[in-house]
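The data block below is protein-v3.cif; it holds mmCIF, N, CA and C atoms and all ligand atoms.
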```cif
data_data
#
loop_
_atom_site.label_atom_id
_atom_site.label_comp_id
_atom_site.auth_asym_id
_atom_site.auth_seq_id
_atom_site.Cartn_x
_atom_site.Cartn_y
_atom_site.Cartn_z
N MET A 1 -38.06 10.68 -22.04
CA MET A 1 -38.07 10.60 -20.57
C MET A 1 -37.27 11.77 -19.99
N LEU A 2 -37.93 12.59 -19.22
CA LEU A 2 -37.27 13.80 -18.72
C LEU A 2 -36.50 13.58 -17.41
N LEU A 3 -36.80 12.48 -16.69
CA LEU A 3 -36.14 12.26 -15.40
C LEU A 3 -34.83 11.50 -15.62
N THR A 4 -33.77 11.99 -14.99
CA THR A 4 -32.46 11.34 -15.16
C THR A 4 -31.99 10.60 -13.92
N GLU A 5 -32.59 10.91 -12.76
CA GLU A 5 -32.16 10.27 -11.51
C GLU A 5 -33.14 10.68 -10.41
N ILE A 6 -33.28 9.85 -9.38
CA ILE A 6 -33.95 10.32 -8.16
C ILE A 6 -32.91 11.19 -7.46
N ASP A 7 -33.10 12.50 -7.46
CA ASP A 7 -32.08 13.37 -6.88
C ASP A 7 -31.99 13.20 -5.37
N HIS A 8 -33.14 13.31 -4.71
CA HIS A 8 -33.13 13.11 -3.26
C HIS A 8 -34.51 12.75 -2.72
N VAL A 9 -34.47 12.09 -1.59
CA VAL A 9 -35.66 11.85 -0.79
C VAL A 9 -35.51 12.74 0.43
N ALA A 10 -36.48 13.62 0.65
CA ALA A 10 -36.37 14.60 1.74
C ALA A 10 -37.21 14.16 2.93
N ILE A 11 -36.57 14.13 4.10
CA ILE A 11 -37.21 13.70 5.33
C ILE A 11 -37.18 14.85 6.32
N ALA A 12 -38.35 15.27 6.76
CA ALA A 12 -38.45 16.37 7.72
C ALA A 12 -38.23 15.86 9.13
N VAL A 13 -37.32 16.50 9.84
CA VAL A 13 -36.99 16.08 11.21
C VAL A 13 -36.98 17.29 12.14
N ARG A 14 -37.22 17.02 13.42
CA ARG A 14 -37.19 18.12 14.40
C ARG A 14 -35.76 18.43 14.82
N ASP A 15 -34.94 17.38 14.97
CA ASP A 15 -33.58 17.53 15.48
C ASP A 15 -32.60 17.02 14.43
N LEU A 16 -32.00 17.95 13.68
CA LEU A 16 -31.12 17.56 12.58
C LEU A 16 -29.90 16.78 13.07
N GLU A 17 -29.31 17.22 14.20
CA GLU A 17 -28.11 16.54 14.71
C GLU A 17 -28.44 15.10 15.10
N ALA A 18 -29.60 14.89 15.72
CA ALA A 18 -30.01 13.55 16.13
C ALA A 18 -30.23 12.67 14.91
N ALA A 19 -30.80 13.24 13.86
CA ALA A 19 -31.07 12.46 12.64
C ALA A 19 -29.76 12.10 11.94
N ILE A 20 -28.83 13.05 11.86
CA ILE A 20 -27.51 12.78 11.25
C ILE A 20 -26.81 11.68 12.03
N ASP A 21 -26.85 11.79 13.35
CA ASP A 21 -26.20 10.80 14.21
C ASP A 21 -26.82 9.41 14.02
N TYR A 22 -28.14 9.37 13.89
CA TYR A 22 -28.84 8.10 13.68
C TYR A 22 -28.42 7.45 12.37
N TYR A 23 -28.40 8.22 11.29
CA TYR A 23 -28.00 7.68 9.98
C TYR A 23 -26.52 7.27 9.98
N ALA A 24 -25.71 7.96 10.77
CA ALA A 24 -24.29 7.61 10.88
C ALA A 24 -24.14 6.26 11.60
N ARG A 25 -24.88 6.09 12.70
CA ARG A 25 -24.77 4.85 13.48
C ARG A 25 -25.41 3.68 12.74
N ALA A 26 -26.54 3.95 12.08
CA ALA A 26 -27.27 2.87 11.42
C ALA A 26 -26.62 2.43 10.11
N PHE A 27 -26.10 3.39 9.35
CA PHE A 27 -25.61 3.08 7.99
C PHE A 27 -24.16 3.46 7.76
N GLY A 28 -23.54 4.14 8.70
CA GLY A 28 -22.20 4.66 8.45
C GLY A 28 -22.26 5.84 7.49
N ALA A 29 -23.42 6.46 7.35
CA ALA A 29 -23.59 7.57 6.40
C ALA A 29 -22.90 8.83 6.92
N THR A 30 -22.31 9.57 5.99
CA THR A 30 -21.67 10.83 6.35
C THR A 30 -22.33 11.97 5.58
N VAL A 31 -22.19 13.16 6.14
CA VAL A 31 -22.79 14.35 5.51
C VAL A 31 -21.89 14.82 4.37
N GLU A 32 -22.46 14.84 3.17
CA GLU A 32 -21.72 15.28 1.98
C GLU A 32 -21.83 16.81 1.81
N HIS A 33 -22.98 17.34 2.20
CA HIS A 33 -23.21 18.77 2.02
C HIS A 33 -24.21 19.23 3.07
N ARG A 34 -23.97 20.43 3.57
CA ARG A 34 -24.86 20.97 4.58
C ARG A 34 -25.11 22.44 4.25
N GLU A 35 -26.35 22.88 4.39
CA GLU A 35 -26.66 24.25 3.97
C GLU A 35 -27.91 24.76 4.66
N ILE A 36 -27.87 26.03 5.01
CA ILE A 36 -29.08 26.72 5.47
C ILE A 36 -29.65 27.47 4.27
N VAL A 37 -30.90 27.17 3.93
CA VAL A 37 -31.56 27.87 2.82
C VAL A 37 -32.58 28.81 3.43
N GLU A 38 -32.16 30.05 3.65
CA GLU A 38 -33.00 31.02 4.36
C GLU A 38 -34.34 31.25 3.66
N SER A 39 -34.30 31.30 2.32
CA SER A 39 -35.53 31.60 1.56
C SER A 39 -36.59 30.51 1.77
N ASP A 40 -36.16 29.28 2.07
CA ASP A 40 -37.10 28.19 2.31
C ASP A 40 -37.31 27.93 3.81
N GLY A 41 -36.56 28.62 4.65
CA GLY A 41 -36.68 28.43 6.09
C GLY A 41 -36.26 27.05 6.55
N VAL A 42 -35.19 26.51 5.92
CA VAL A 42 -34.75 25.17 6.28
C VAL A 42 -33.22 25.08 6.40
N GLU A 43 -32.80 24.11 7.20
CA GLU A 43 -31.41 23.67 7.17
C GLU A 43 -31.43 22.23 6.70
N GLU A 44 -30.51 21.90 5.79
CA GLU A 44 -30.50 20.55 5.26
C GLU A 44 -29.13 19.92 5.39
N ALA A 45 -29.13 18.59 5.50
CA ALA A 45 -27.91 17.80 5.45
C ALA A 45 -28.13 16.74 4.38
N LEU A 46 -27.21 16.68 3.43
CA LEU A 46 -27.32 15.69 2.35
C LEU A 46 -26.39 14.53 2.60
N LEU A 47 -26.95 13.33 2.61
CA LEU A 47 -26.18 12.10 2.76
C LEU A 47 -26.17 11.42 1.41
N LYS A 48 -25.00 11.21 0.82
CA LYS A 48 -24.94 10.68 -0.53
C LYS A 48 -25.17 9.17 -0.54
N VAL A 49 -26.03 8.72 -1.47
CA VAL A 49 -26.28 7.30 -1.68
C VAL A 49 -26.14 7.06 -3.18
N ALA A 50 -25.05 6.43 -3.60
CA ALA A 50 -24.75 6.29 -5.03
C ALA A 50 -24.80 7.68 -5.67
N GLU A 51 -25.68 7.86 -6.66
CA GLU A 51 -25.76 9.18 -7.32
C GLU A 51 -26.92 10.03 -6.79
N SER A 52 -27.53 9.58 -5.69
CA SER A 52 -28.66 10.29 -5.11
C SER A 52 -28.33 10.74 -3.69
N TYR A 53 -29.29 11.38 -3.06
CA TYR A 53 -29.09 11.84 -1.69
C TYR A 53 -30.31 11.52 -0.82
N ILE A 54 -30.04 11.31 0.46
CA ILE A 54 -31.07 11.43 1.47
C ILE A 54 -30.91 12.85 2.01
N GLN A 55 -31.99 13.61 2.01
CA GLN A 55 -31.93 15.00 2.47
C GLN A 55 -32.67 15.10 3.80
N LEU A 56 -31.90 15.27 4.87
CA LEU A 56 -32.52 15.49 6.18
C LEU A 56 -32.76 16.99 6.31
N LEU A 57 -34.00 17.33 6.67
CA LEU A 57 -34.47 18.70 6.55
C LEU A 57 -35.08 19.13 7.87
N THR A 58 -34.64 20.28 8.38
CA THR A 58 -35.25 20.78 9.61
C THR A 58 -35.59 22.27 9.45
N PRO A 59 -36.70 22.70 10.04
CA PRO A 59 -37.07 24.12 9.89
C PRO A 59 -36.14 25.03 10.68
N THR A 60 -35.91 26.24 10.16
CA THR A 60 -35.10 27.23 10.88
C THR A 60 -35.99 28.29 11.55
N SER A 61 -37.29 28.23 11.29
CA SER A 61 -38.21 29.16 11.95
C SER A 61 -39.59 28.51 12.06
N GLU A 62 -40.42 29.08 12.93
CA GLU A 62 -41.75 28.51 13.14
C GLU A 62 -42.67 28.72 11.94
N THR A 63 -42.33 29.69 11.10
CA THR A 63 -43.18 29.99 9.95
C THR A 63 -42.74 29.23 8.69
N SER A 64 -41.65 28.47 8.81
CA SER A 64 -41.17 27.67 7.69
C SER A 64 -42.23 26.65 7.25
N PRO A 65 -42.41 26.44 5.95
CA PRO A 65 -43.35 25.42 5.49
C PRO A 65 -43.05 24.04 6.08
N VAL A 66 -41.78 23.76 6.32
CA VAL A 66 -41.41 22.47 6.91
C VAL A 66 -41.86 22.40 8.37
N ALA A 67 -41.80 23.53 9.09
CA ALA A 67 -42.30 23.57 10.47
C ALA A 67 -43.79 23.26 10.48
N LYS A 68 -44.50 23.85 9.52
CA LYS A 68 -45.96 23.61 9.42
C LYS A 68 -46.27 22.17 9.07
N ALA A 69 -45.44 21.58 8.19
CA ALA A 69 -45.64 20.18 7.80
C ALA A 69 -45.45 19.25 8.99
N ILE A 70 -44.41 19.53 9.80
CA ILE A 70 -44.15 18.69 10.98
C ILE A 70 -45.28 18.84 12.00
N GLU A 71 -45.74 20.08 12.17
CA GLU A 71 -46.83 20.36 13.10
C GLU A 71 -48.09 19.58 12.69
N LYS A 72 -48.35 19.57 11.37
CA LYS A 72 -49.57 18.96 10.84
C LYS A 72 -49.49 17.43 10.77
N ARG A 73 -48.37 16.92 10.27
CA ARG A 73 -48.29 15.49 9.98
C ARG A 73 -47.20 14.76 10.75
N GLY A 74 -46.43 15.51 11.54
CA GLY A 74 -45.31 14.90 12.26
C GLY A 74 -44.09 14.80 11.38
N GLU A 75 -43.02 14.23 11.92
CA GLU A 75 -41.80 14.05 11.14
C GLU A 75 -42.04 13.01 10.06
N GLY A 76 -41.15 13.02 9.06
CA GLY A 76 -41.23 11.97 8.05
C GLY A 76 -41.03 12.48 6.65
N LEU A 77 -41.39 11.60 5.70
CA LEU A 77 -41.21 11.90 4.28
C LEU A 77 -41.86 13.23 3.93
N HIS A 78 -41.11 14.15 3.34
CA HIS A 78 -41.62 15.49 3.05
C HIS A 78 -41.81 15.73 1.56
N HIS A 79 -40.80 15.42 0.76
CA HIS A 79 -40.94 15.53 -0.70
C HIS A 79 -39.91 14.65 -1.37
N ILE A 80 -40.09 14.51 -2.70
CA ILE A 80 -39.11 13.76 -3.47
C ILE A 80 -38.54 14.68 -4.54
N GLY A 81 -37.24 14.62 -4.70
CA GLY A 81 -36.57 15.44 -5.71
C GLY A 81 -36.27 14.60 -6.93
N TYR A 82 -36.80 15.00 -8.07
CA TYR A 82 -36.52 14.31 -9.33
C TYR A 82 -35.49 15.11 -10.11
N ARG A 83 -34.39 14.47 -10.49
CA ARG A 83 -33.35 15.18 -11.25
C ARG A 83 -33.72 15.23 -12.73
N VAL A 84 -33.54 16.41 -13.30
CA VAL A 84 -33.84 16.63 -14.72
C VAL A 84 -32.69 17.41 -15.34
N ASP A 85 -32.59 17.35 -16.66
CA ASP A 85 -31.54 18.11 -17.36
C ASP A 85 -31.88 19.59 -17.41
N ASP A 86 -33.19 19.89 -17.59
CA ASP A 86 -33.62 21.27 -17.74
C ASP A 86 -34.89 21.49 -16.92
N CYS A 87 -34.75 22.23 -15.82
CA CYS A 87 -35.87 22.43 -14.89
C CYS A 87 -37.05 23.12 -15.58
N GLY A 88 -36.78 24.10 -16.42
CA GLY A 88 -37.85 24.83 -17.11
C GLY A 88 -38.66 23.94 -18.03
N VAL A 89 -37.96 23.11 -18.79
CA VAL A 89 -38.62 22.18 -19.72
C VAL A 89 -39.49 21.19 -18.94
N ALA A 90 -38.94 20.66 -17.84
CA ALA A 90 -39.68 19.68 -17.03
C ALA A 90 -40.89 20.34 -16.36
N LEU A 91 -40.72 21.58 -15.89
CA LEU A 91 -41.83 22.31 -15.27
C LEU A 91 -42.96 22.53 -16.28
N ASP A 92 -42.61 22.98 -17.48
CA ASP A 92 -43.62 23.19 -18.53
C ASP A 92 -44.34 21.89 -18.87
N SER A 93 -43.58 20.80 -18.93
CA SER A 93 -44.15 19.51 -19.26
C SER A 93 -45.12 19.04 -18.18
N MET A 94 -44.74 19.27 -16.91
CA MET A 94 -45.63 18.88 -15.81
C MET A 94 -46.90 19.72 -15.83
N ILE A 95 -46.78 21.02 -16.06
CA ILE A 95 -47.95 21.90 -16.11
C ILE A 95 -48.87 21.47 -17.26
N ALA A 96 -48.26 21.14 -18.41
CA ALA A 96 -49.05 20.68 -19.55
C ALA A 96 -49.78 19.37 -19.23
N ALA A 97 -49.20 18.58 -18.32
CA ALA A 97 -49.81 17.30 -17.93
C ALA A 97 -50.86 17.49 -16.83
N GLY A 98 -51.03 18.75 -16.37
CA GLY A 98 -52.06 19.03 -15.38
C GLY A 98 -51.56 19.34 -13.99
N ALA A 99 -50.26 19.41 -13.79
CA ALA A 99 -49.69 19.67 -12.47
C ALA A 99 -49.96 21.11 -12.03
N THR A 100 -50.03 21.31 -10.72
CA THR A 100 -50.14 22.65 -10.15
C THR A 100 -48.76 23.06 -9.64
N ALA A 101 -48.19 24.08 -10.26
CA ALA A 101 -46.86 24.52 -9.86
C ALA A 101 -46.93 25.39 -8.61
N ILE A 102 -46.03 25.16 -7.68
CA ILE A 102 -45.86 26.08 -6.54
C ILE A 102 -44.94 27.21 -7.00
N ASP A 103 -43.86 26.85 -7.68
CA ASP A 103 -42.96 27.83 -8.30
C ASP A 103 -43.37 27.99 -9.76
N LYS A 104 -43.71 29.22 -10.12
CA LYS A 104 -44.15 29.46 -11.50
C LYS A 104 -42.99 29.45 -12.48
N ALA A 105 -41.79 29.60 -11.95
CA ALA A 105 -40.59 29.56 -12.78
C ALA A 105 -39.46 28.93 -11.97
N PRO A 106 -38.48 28.32 -12.63
CA PRO A 106 -37.35 27.73 -11.91
C PRO A 106 -36.63 28.79 -11.07
N ARG A 107 -36.09 28.35 -9.94
CA ARG A 107 -35.40 29.27 -9.02
C ARG A 107 -34.20 28.56 -8.40
N PRO A 108 -33.31 29.30 -7.75
CA PRO A 108 -32.14 28.66 -7.14
C PRO A 108 -32.52 27.73 -5.99
N GLY A 109 -31.88 26.55 -5.93
CA GLY A 109 -32.05 25.61 -4.82
C GLY A 109 -30.73 25.49 -4.08
N SER A 110 -30.62 24.47 -3.23
CA SER A 110 -29.38 24.29 -2.47
C SER A 110 -28.30 23.72 -3.39
N ARG A 111 -27.07 23.72 -2.93
CA ARG A 111 -25.86 23.25 -3.63
C ARG A 111 -25.80 23.69 -5.10
N GLY A 112 -26.25 24.91 -5.36
CA GLY A 112 -26.10 25.50 -6.68
C GLY A 112 -27.04 24.95 -7.74
N THR A 113 -28.09 24.25 -7.33
CA THR A 113 -29.04 23.68 -8.29
C THR A 113 -30.10 24.71 -8.68
N THR A 114 -30.85 24.36 -9.71
CA THR A 114 -32.04 25.13 -10.11
C THR A 114 -33.23 24.22 -9.86
N VAL A 115 -34.26 24.74 -9.17
CA VAL A 115 -35.37 23.87 -8.74
C VAL A 115 -36.73 24.51 -9.00
N ALA A 116 -37.76 23.68 -8.96
CA ALA A 116 -39.14 24.15 -8.95
C ALA A 116 -39.97 23.10 -8.22
N PHE A 117 -40.89 23.58 -7.35
CA PHE A 117 -41.75 22.67 -6.59
C PHE A 117 -43.13 22.58 -7.24
N ILE A 118 -43.68 21.38 -7.17
CA ILE A 118 -45.02 21.08 -7.70
C ILE A 118 -45.91 20.67 -6.53
N HIS A 119 -47.12 21.20 -6.49
CA HIS A 119 -48.05 20.94 -5.38
C HIS A 119 -48.50 19.47 -5.36
N PRO A 120 -48.61 18.91 -4.15
CA PRO A 120 -49.09 17.50 -4.06
C PRO A 120 -50.47 17.31 -4.69
N LYS A 121 -51.33 18.35 -4.55
CA LYS A 121 -52.67 18.25 -5.15
C LYS A 121 -52.50 18.22 -6.66
N GLY A 122 -52.97 17.18 -7.29
CA GLY A 122 -52.81 17.03 -8.72
C GLY A 122 -51.62 16.16 -9.08
N SER A 123 -50.78 15.83 -8.07
CA SER A 123 -49.64 14.94 -8.32
C SER A 123 -49.70 13.72 -7.39
N PHE A 124 -50.89 13.21 -7.23
CA PHE A 124 -51.12 11.99 -6.47
C PHE A 124 -50.56 12.08 -5.05
N GLY A 125 -50.72 13.27 -4.46
CA GLY A 125 -50.39 13.43 -3.04
C GLY A 125 -48.92 13.55 -2.71
N THR A 126 -48.09 13.76 -3.74
CA THR A 126 -46.65 13.85 -3.48
C THR A 126 -46.12 15.24 -3.84
N LEU A 127 -45.49 15.88 -2.88
CA LEU A 127 -44.79 17.14 -3.15
C LEU A 127 -43.55 16.80 -3.97
N ILE A 128 -43.47 17.35 -5.18
CA ILE A 128 -42.38 17.03 -6.11
C ILE A 128 -41.48 18.24 -6.28
N GLU A 129 -40.18 18.01 -6.25
CA GLU A 129 -39.21 19.05 -6.54
C GLU A 129 -38.43 18.64 -7.79
N LEU A 130 -38.44 19.48 -8.79
CA LEU A 130 -37.63 19.24 -9.98
C LEU A 130 -36.25 19.84 -9.71
N VAL A 131 -35.20 19.06 -9.92
CA VAL A 131 -33.84 19.50 -9.59
C VAL A 131 -32.93 19.41 -10.80
N GLN A 132 -32.41 20.54 -11.19
CA GLN A 132 -31.44 20.60 -12.29
C GLN A 132 -30.07 20.89 -11.69
N GLU A 133 -29.12 20.00 -11.92
CA GLU A 133 -27.76 20.26 -11.43
C GLU A 133 -27.08 21.21 -12.41
N ASN A 134 -26.31 22.13 -11.88
CA ASN A 134 -25.58 23.07 -12.72
C ASN A 134 -24.09 22.76 -12.62
N PRO A 135 -23.31 23.22 -13.56
CA PRO A 135 -21.87 22.92 -13.55
C PRO A 135 -21.20 23.22 -12.22
N ALA A 136 -21.67 24.27 -11.52
CA ALA A 136 -21.05 24.64 -10.25
C ALA A 136 -21.49 23.71 -9.10
N ALA A 137 -22.61 22.98 -9.32
CA ALA A 137 -23.14 22.13 -8.24
C ALA A 137 -22.19 20.96 -7.98
N HIS A 138 -22.21 20.45 -6.74
CA HIS A 138 -21.40 19.29 -6.43
C HIS A 138 -22.21 18.30 -5.65
CO CO B 1 -35.48 19.08 -1.75
#
```

Represent the structure contained in this file as structure tokens.
Ligand code: CO
Amino acid sequence: MLLTEIDHVAIAVRDLEAAIDYYARAFGATVEHREIVESDGVEEALLKVAESYIQLLTPTSETSPVAKAIEKRGEGLHHIGYRVDDCGVALDSMIAAGATAIDKAPRPGSRGTTVAFIHPKGSFGTLIELVQENPAAH
């Protein structure tokens, strides 16, 4: 079994501050980590839940894939992050199982992780992110 944890559930929102405030009022949730990932055109806020995260995600530009997703389908569930020990091994295994990789090789993700995205087509309609935590990650 290559999966070690549900790393995060990513929810695309238009107003990150409003979403953080809502989760704070509803659950008492606090932001564990916040980061702008320019290469992905997103700003994210991670709310820790046990050993996993809720990732609130907002686009930083109109050309961001997340902006396009919100335009097309509205706010809501965007992708699921599966934690793995080795992103490359998991990516190869998924490709061997018939998955369509968006990232042909593992690349840097937020909070010092190594990630690779898998296209929803061929993965039962779910955008999958493989997430490998590195020693520097927190
Ligand atoms: Co993610």

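Near ligand CO 1 (chain B), at a distance of at most 6.5 Å and with all atoms listed in the file counted, sit the residues His8, Ala10, His79, Ile80, Gly81 and Glu129 of chain A.
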
A:Thr100, A:Thr4, A:Gln132, A:Gln55: which is nearest Glu32 (chain A), counting only C-alpha atoms? A:Gln55

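The neighbours of Asp92 (chain A) here are the residues that come within 12 Å of it, using only C-alpha atoms and leaving out any residue fewer than 5 positions away in the same chain; they are Leu2, Asp86, Cys87, Ala97, Gly98, Ala99, Thr100, Ala101, Asp103, Lys104, Ala105, Pro106, Ala116, Ile118 and Leu130 of chain A.
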
Written selection (N, CA and C atoms) as a PDB file, in the coordinates of the input:
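Contents of the output file part.pdb:
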```pdb
ATOM      1  N   LEU A   2     -37.930  12.590 -19.220  1.00  0.00           N
ATOM      2  CA  LEU A   2     -37.270  13.800 -18.720  1.00  0.00           C
ATOM      3  C   LEU A   2     -36.500  13.580 -17.410  1.00  0.00           C
ATOM      4  N   ASP A  86     -33.190  19.890 -17.590  1.00  0.00           N
ATOM      5  CA  ASP A  86     -33.620  21.270 -17.740  1.00  0.00           C
ATOM      6  C   ASP A  86     -34.890  21.490 -16.920  1.00  0.00           C
ATOM      7  N   CYS A  87     -34.750  22.230 -15.820  1.00  0.00           N
ATOM      8  CA  CYS A  87     -35.870  22.430 -14.890  1.00  0.00           C
ATOM      9  C   CYS A  87     -37.050  23.120 -15.580  1.00  0.00           C
ATOM     10  N   ALA A  97     -49.200  18.580 -18.320  1.00  0.00           N
ATOM     11  CA  ALA A  97     -49.810  17.300 -17.930  1.00  0.00           C
ATOM     12  C   ALA A  97     -50.860  17.490 -16.830  1.00  0.00           C
ATOM     13  N   GLY A  98     -51.030  18.750 -16.370  1.00  0.00           N
ATOM     14  CA  GLY A  98     -52.060  19.030 -15.380  1.00  0.00           C
ATOM     15  C   GLY A  98     -51.560  19.340 -13.990  1.00  0.00           C
ATOM     16  N   ALA A  99     -50.260  19.410 -13.790  1.00  0.00           N
ATOM     17  CA  ALA A  99     -49.690  19.670 -12.470  1.00  0.00           C
ATOM     18  C   ALA A  99     -49.960  21.110 -12.030  1.00  0.00           C
ATOM     19  N   THR A 100     -50.030  21.310 -10.720  1.00  0.00           N
ATOM     20  CA  THR A 100     -50.140  22.650 -10.150  1.00  0.00           C
ATOM     21  C   THR A 100     -48.760  23.060  -9.640  1.00  0.00           C
ATOM     22  N   ALA A 101     -48.190  24.080 -10.260  1.00  0.00           N
ATOM     23  CA  ALA A 101     -46.860  24.520  -9.860  1.00  0.00           C
ATOM     24  C   ALA A 101     -46.930  25.390  -8.610  1.00  0.00           C
ATOM     25  N   ASP A 103     -43.860  26.850  -7.680  1.00  0.00           N
ATOM     26  CA  ASP A 103     -42.960  27.830  -8.300  1.00  0.00           C
ATOM     27  C   ASP A 103     -43.370  27.990  -9.760  1.00  0.00           C
ATOM     28  N   LYS A 104     -43.710  29.220 -10.120  1.00  0.00           N
ATOM     29  CA  LYS A 104     -44.150  29.460 -11.500  1.00  0.00           C
ATOM     30  C   LYS A 104     -42.990  29.450 -12.480  1.00  0.00           C
ATOM     31  N   ALA A 105     -41.790  29.600 -11.950  1.00  0.00           N
ATOM     32  CA  ALA A 105     -40.590  29.560 -12.780  1.00  0.00           C
ATOM     33  C   ALA A 105     -39.460  28.930 -11.970  1.00  0.00           C
ATOM     34  N   PRO A 106     -38.480  28.320 -12.630  1.00  0.00           N
ATOM     35  CA  PRO A 106     -37.350  27.730 -11.910  1.00  0.00           C
ATOM     36  C   PRO A 106     -36.630  28.790 -11.070  1.00  0.00           C
ATOM     37  N   ALA A 116     -37.760  23.680  -8.960  1.00  0.00           N
ATOM     38  CA  ALA A 116     -39.140  24.150  -8.950  1.00  0.00           C
ATOM     39  C   ALA A 116     -39.970  23.100  -8.220  1.00  0.00           C
ATOM     40  N   ILE A 118     -43.680  21.380  -7.170  1.00  0.00           N
ATOM     41  CA  ILE A 118     -45.020  21.080  -7.700  1.00  0.00           C
ATOM     42  C   ILE A 118     -45.910  20.670  -6.530  1.00  0.00           C
ATOM     43  N   LEU A 130     -38.440  19.480  -8.790  1.00  0.00           N
ATOM     44  CA  LEU A 130     -37.630  19.240  -9.980  1.00  0.00           C
ATOM     45  C   LEU A 130     -36.250  19.840  -9.710  1.00  0.00           C
TER      46      LEU A 130
END
```

The residue from A:Ala96, A:Asp40, A:Leu77, A:Arg83 with the smallest atom-to-atom distance to Val131 (chain A), counting all atoms listed in the file, is A:Arg83

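Omitting Val13 (chain A) and its sequence neighbours fewer than 6 positions away, and counting only N, CA and C atoms, the residues within 8 Å are Ala19, Gln55, Leu56, Leu57, Thr58, Pro59, Val66, Ile70, Gly74, Glu75, Gly76, Leu77 and His78 of chain A.
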
Residues of region 4-135 of chain A in alpha helix (DSSP H) according to DSSP, as a PyMOL selection string? chain A and resi 16-27+65-73+87-96

Identify, with DSSP run on backbone atoms, the residues in chain A assigned to strand (DSSP E), and express the list as a ChimeraX atom specification. /A:3-12,31-37,42-49,52-59,76-84,107-108,114-118,128-132

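Put simply, CA of Ile102 (chain A) is 5.7 Å away from CA of His119 (chain A).
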
State, in Å with one decimal place, the distance from atom C of Val31 (chain A) to CA of Pro135 (chain A). 19.7 Å

Min atom-atom distance to Val42 (chain A) from the set A:Val89, A:Val9, A:Met94, A:Ala67, counting all atoms listed in the file, belongs to A:Ala67

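Nearest to Gly109 (chain A) of all the residues A:Thr60, A:Lys48, A:Val37, A:Ala29 is A:Val37, counting all atoms listed in the file.
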
Mind giving me the straight-line distance from CA of Met1 (chain A) to atom C of Ala50 (chain A) in Å, one decimal? 20.2 Å

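Taking all atoms listed in the file into account, Pro65 (chain A) lies nearest to A:Gly41 out of the set A:Glu35, A:Gly41, A:Asn134, A:Ala12.
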
Would you please work out which residue, of A:Ala45, A:Ile36, A:Leu127, A:Leu91, is nearest to Thr114 (chain A) when using only C-alpha atoms? A:Leu91

As a CSV table (one decimal), keeping the file's coordinate frame, please: region 65-75 of chain A completed to N, CA, C and O atoms.
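The new file out-v9.csv reads:
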```
chain,number,residue,atom,x,y,z
A,65,PRO,N,-42.4,26.4,6.0
A,65,PRO,CA,-43.4,25.4,5.5
A,65,PRO,C,-43.0,24.0,6.1
A,65,PRO,O,-44.0,23.3,6.3
A,66,VAL,N,-41.8,23.8,6.3
A,66,VAL,CA,-41.4,22.5,6.9
A,66,VAL,C,-41.9,22.4,8.4
A,66,VAL,O,-42.3,21.3,8.9
A,67,ALA,N,-41.8,23.5,9.1
A,67,ALA,CA,-42.3,23.6,10.5
A,67,ALA,C,-43.8,23.3,10.5
A,67,ALA,O,-44.3,22.5,11.3
A,68,LYS,N,-44.5,23.8,9.5
A,68,LYS,CA,-46.0,23.6,9.4
A,68,LYS,C,-46.3,22.2,9.1
A,68,LYS,O,-47.2,21.6,9.6
A,69,ALA,N,-45.4,21.6,8.2
A,69,ALA,CA,-45.6,20.2,7.8
A,69,ALA,C,-45.4,19.2,9.0
A,69,ALA,O,-46.2,18.3,9.2
A,70,ILE,N,-44.4,19.5,9.8
A,70,ILE,CA,-44.2,18.7,11.0
A,70,ILE,C,-45.3,18.8,12.0
A,70,ILE,O,-45.7,17.9,12.6
A,71,GLU,N,-45.7,20.1,12.2
A,71,GLU,CA,-46.8,20.4,13.1
A,71,GLU,C,-48.1,19.6,12.7
A,71,GLU,O,-48.8,19.0,13.5
A,72,LYS,N,-48.4,19.6,11.4
A,72,LYS,CA,-49.6,19.0,10.8
A,72,LYS,C,-49.5,17.4,10.8
A,72,LYS,O,-50.4,16.7,11.2
A,73,ARG,N,-48.4,16.9,10.3
A,73,ARG,CA,-48.3,15.5,10.0
A,73,ARG,C,-47.2,14.8,10.8
A,73,ARG,O,-47.0,13.6,10.6
A,74,GLY,N,-46.4,15.5,11.5
A,74,GLY,CA,-45.3,14.9,12.3
A,74,GLY,C,-44.1,14.8,11.4
A,74,GLY,O,-44.1,15.2,10.2
A,75,GLU,N,-43.0,14.2,11.9
A,75,GLU,CA,-41.8,14.0,11.1
A,75,GLU,C,-42.0,13.0,10.1
A,75,GLU,O,-43.0,12.2,10.2
```
